[in-house]
Amino acid sequence: MKKRLLACALSLAVAAPAFAASSSVKLDDENAKLSYSFGLVLGEQLSGHVDKLDYDAFLAGIKDIYSKNDPAMTQDEVRNTIQAFQKKQMETMMSEAKAKSDAFMKANAKKDGVKTTDSGLQYKVIKEGKGPKPKATDTVRVNYRGTLTDGTEFDSSYKRNEPVEFPLNAVIPGWTEGLQLMPVGSKYELYIPPELGYGPGGAGSIPPNAALVFEVELLDIVKGDDKAPAAAKPKTK
């Protein structure tokens with residue numbers, strides 16, 4: 001265990017950025033320099049996750065390990081404390097992501113041509129087709145491009161040069177609802193809030209509570225023998 005920890009710390013030290021000298025600590029021997037270096041590296045790592053650190057408690061934990069003292073907390077207490085911290089961090093991240101998605105949807109609803117349904121789904125007609133509209137139980141053939149609200153693309157059938165087929169009741173609710181609004185031959189832009197997308201769990205490269213933007217072309221409603229042997233769903237990288 002000690003060897004693994006040392007190897008990890010050394011790897012961090014090599015990769016660590018340069019720091020400006022600001023401490024009054026005396027670095028008059030190699031052990032002091034090494035110890036201070038580890039402190040900088042660990043501090044840099046922790047500062048990205050922990051806003052406030054109790055220095056006395058932190059140093060006491062390190063001293064107990066080096067002095068082989070009995071720790072002030074049991075292993076279960078340590079594990080539970082860290083898990084509680086991680087849970088709180090995750091809840092904060094998800095709450096912030098939801099607020100960001102809500103703000104996007106609210107602002108987007110005011111844009112020209114954007115319509116909002118009772119569920120909160122938003123859409124914009126780019127091209128209105130003249131064919132029939134699919135039902136939730138139909139299998140459809142589409143081309144699409146999916147992005148996050150910042151424009152980051154996470155999937156595109158256009159890039160694969162291959163439309164996809166899938167049962168409309170086997171995808172996220174935003175797609176099931178949105179595609180039923182589209183006559184065959186249409187091209188819409190769908191703006192999907194998290195609760196109609198992948199929600200707090202996210203999926204692949206889609207983060208938790210992310211609002212999604214899809215450009216979708218409804219090419220056809222697939223009937224009977226016309227269906228592909230294995231219908232494909234929209235993917236996430």
# chains A, B, ... in the order shown; residues from 1 in each chain; ligands from 1
>>> select_by_dssp(residues="range 17-205 of chain A", states="strand (DSSP E or B)", output="number ranges by chain")
A: 114-116, 122-127, 139-148, 153-156, 164-167, 187-192, 203
>>> atom_distance(atom1="CA of Asn161 in chain A", atom2="CA of Pro194 in chain A")
27.9 Å
>>> closest_residue(among="A:Asp28, A:Glu195, A:Asp118, A:Glu217", to="Asp102 in chain A", atoms="only C-alpha atoms")
A:Glu195
>>> atom_distance(atom1="CA of Tyr66 in chain A", atom2="CA of Leu42 in chain A")
16.4 Å
>>> residues_around(residues="range 92-101 of chain A", least_positions_apart="6", cutoff="8 Å", atoms="only C-alpha atoms", output="list in words")
Pro193, Pro194, Pro200, Pro208, Asn209, Ala210 and Ala211 of chain A
>>> write_last_selection(atoms="N, CA and C atoms", output="short mmCIF file (atom, residue, chain, number, x, y, z; two decimals), in the first residue's frame")
data_model
loop_
_atom_site.label_atom_id
_atom_site.label_comp_id
_atom_site.auth_asym_id
_atom_site.auth_seq_id
_atom_site.Cartn_x
_atom_site.Cartn_y
_atom_site.Cartn_z
N PRO A 193 -35.84 19.13 -22.41
CA PRO A 193 -35.40 19.34 -21.02
C PRO A 193 -34.96 18.02 -20.39
N PRO A 194 -34.19 18.08 -19.32
CA PRO A 194 -33.66 16.85 -18.72
C PRO A 194 -34.71 15.81 -18.39
N PRO A 200 -31.33 12.84 -14.33
CA PRO A 200 -30.17 12.97 -13.43
C PRO A 200 -29.10 11.92 -13.64
N PRO A 208 -25.33 14.50 -16.34
CA PRO A 208 -26.60 14.52 -15.62
C PRO A 208 -27.36 15.83 -15.80
N ASN A 209 -28.68 15.73 -15.88
CA ASN A 209 -29.58 16.88 -15.95
C ASN A 209 -29.26 17.84 -17.09
N ALA A 210 -28.85 17.28 -18.22
CA ALA A 210 -28.51 18.11 -19.37
C ALA A 210 -29.73 18.30 -20.28
N ALA A 211 -29.97 19.55 -20.68
CA ALA A 211 -30.93 19.82 -21.75
C ALA A 211 -30.25 19.47 -23.07
#
>>> residues_around(residues="Leu179 in chain A", least_positions_apart="4", cutoff="8 Å", atoms="only C-alpha atoms", output="ChimeraX atom specification")
/A:133-134,168,175,218
>>> write_last_selection(atoms="N, CA and C atoms", output="short mmCIF file (atom, residue, chain, number, x, y, z; two decimals), in the first residue's frame")
data_model
loop_
_atom_site.label_atom_id
_atom_site.label_comp_id
_atom_site.auth_asym_id
_atom_site.auth_seq_id
_atom_site.Cartn_x
_atom_site.Cartn_y
_atom_site.Cartn_z
N LYS A 133 -48.18 11.51 -39.94
CA LYS A 133 -47.44 11.59 -38.68
C LYS A 133 -47.40 10.21 -38.04
N PRO A 134 -46.27 9.85 -37.45
CA PRO A 134 -46.18 8.52 -36.81
C PRO A 134 -46.92 8.48 -35.49
N LEU A 168 -40.71 4.10 -31.89
CA LEU A 168 -40.84 5.42 -31.28
C LEU A 168 -41.11 5.36 -29.78
N TRP A 175 -38.13 12.41 -27.58
CA TRP A 175 -38.18 11.91 -28.96
C TRP A 175 -39.55 11.31 -29.26
N LEU A 218 -37.45 13.38 -40.28
CA LEU A 218 -38.27 12.17 -40.32
C LEU A 218 -38.37 11.71 -41.78
#
>>> closest_residue(among="A:Asp155, A:Glu128, A:Asp112, A:Glu77", to="Ile206 in chain A", atoms="only C-alpha atoms")
A:Asp155
>>> closest_residue(among="A:Val50, A:Ile65, A:Ala60, A:Leu40", to="Lys88 in chain A", atoms="only C-alpha atoms")
A:Val50
>>> residues_around(residues="Val25 in chain A", least_positions_apart="4", cutoff="12 Å", atoms="only C-alpha atoms", output="ChimeraX atom specification")
/A:21,29,32-33,35-37,39
>>> closest_residue(among="A:Gly174, A:Gly202, A:Val213, A:Thr116", to="Gly151 in chain A", atoms="only C-alpha atoms")
A:Val213
>>> residues_around(residues="Phe85 in chain A", least_positions_apart="6", cutoff="10 Å", atoms="only C-alpha atoms", output="ChimeraX atom specification")
/A:49-50,79,91
>>> write_last_selection(atoms="all heavy atoms", output="CSV table (one decimal), in the first residue's frame")
chain,number,residue,atom,x,y,z
A,49,HIS,N,-11.4,20.0,-5.3
A,49,HIS,CA,-12.6,19.2,-4.8
A,49,HIS,C,-13.1,19.7,-3.5
A,49,HIS,O,-14.3,19.6,-3.2
A,49,HIS,CB,-12.2,17.7,-4.7
A,49,HIS,CG,-11.7,17.1,-6.0
A,49,HIS,ND1,-12.6,16.8,-7.0
A,49,HIS,CD2,-10.5,16.8,-6.4
A,49,HIS,CE1,-11.9,16.3,-8.0
A,49,HIS,NE2,-10.6,16.3,-7.7
A,50,VAL,N,-12.2,20.2,-2.7
A,50,VAL,CA,-12.6,20.7,-1.3
A,50,VAL,C,-12.4,22.2,-1.2
A,50,VAL,O,-11.3,22.6,-1.3
A,50,VAL,CB,-11.8,19.9,-0.3
A,50,VAL,CG1,-12.3,20.3,1.1
A,50,VAL,CG2,-11.9,18.4,-0.5
A,79,ARG,N,-14.8,6.1,5.8
A,79,ARG,CA,-15.5,5.7,4.6
A,79,ARG,C,-16.9,6.5,4.5
A,79,ARG,O,-17.2,7.1,3.4
A,79,ARG,CB,-15.7,4.2,4.4
A,79,ARG,CG,-16.5,3.8,3.2
A,79,ARG,CD,-16.6,2.3,3.0
A,79,ARG,NE,-17.2,1.7,4.1
A,79,ARG,CZ,-16.6,1.0,5.1
A,79,ARG,NH1,-15.3,0.8,5.0
A,79,ARG,NH2,-17.3,0.5,6.1
A,91,GLU,N,-24.9,16.0,-5.5
A,91,GLU,CA,-26.2,16.6,-5.5
A,91,GLU,C,-26.0,18.1,-5.9
A,91,GLU,O,-26.9,18.6,-6.6
A,91,GLU,CB,-26.7,16.6,-4.1
A,91,GLU,CG,-27.2,15.2,-3.7
A,91,GLU,CD,-27.6,15.0,-2.2
A,91,GLU,OE1,-27.3,16.0,-1.4
A,91,GLU,OE2,-28.2,14.0,-1.9
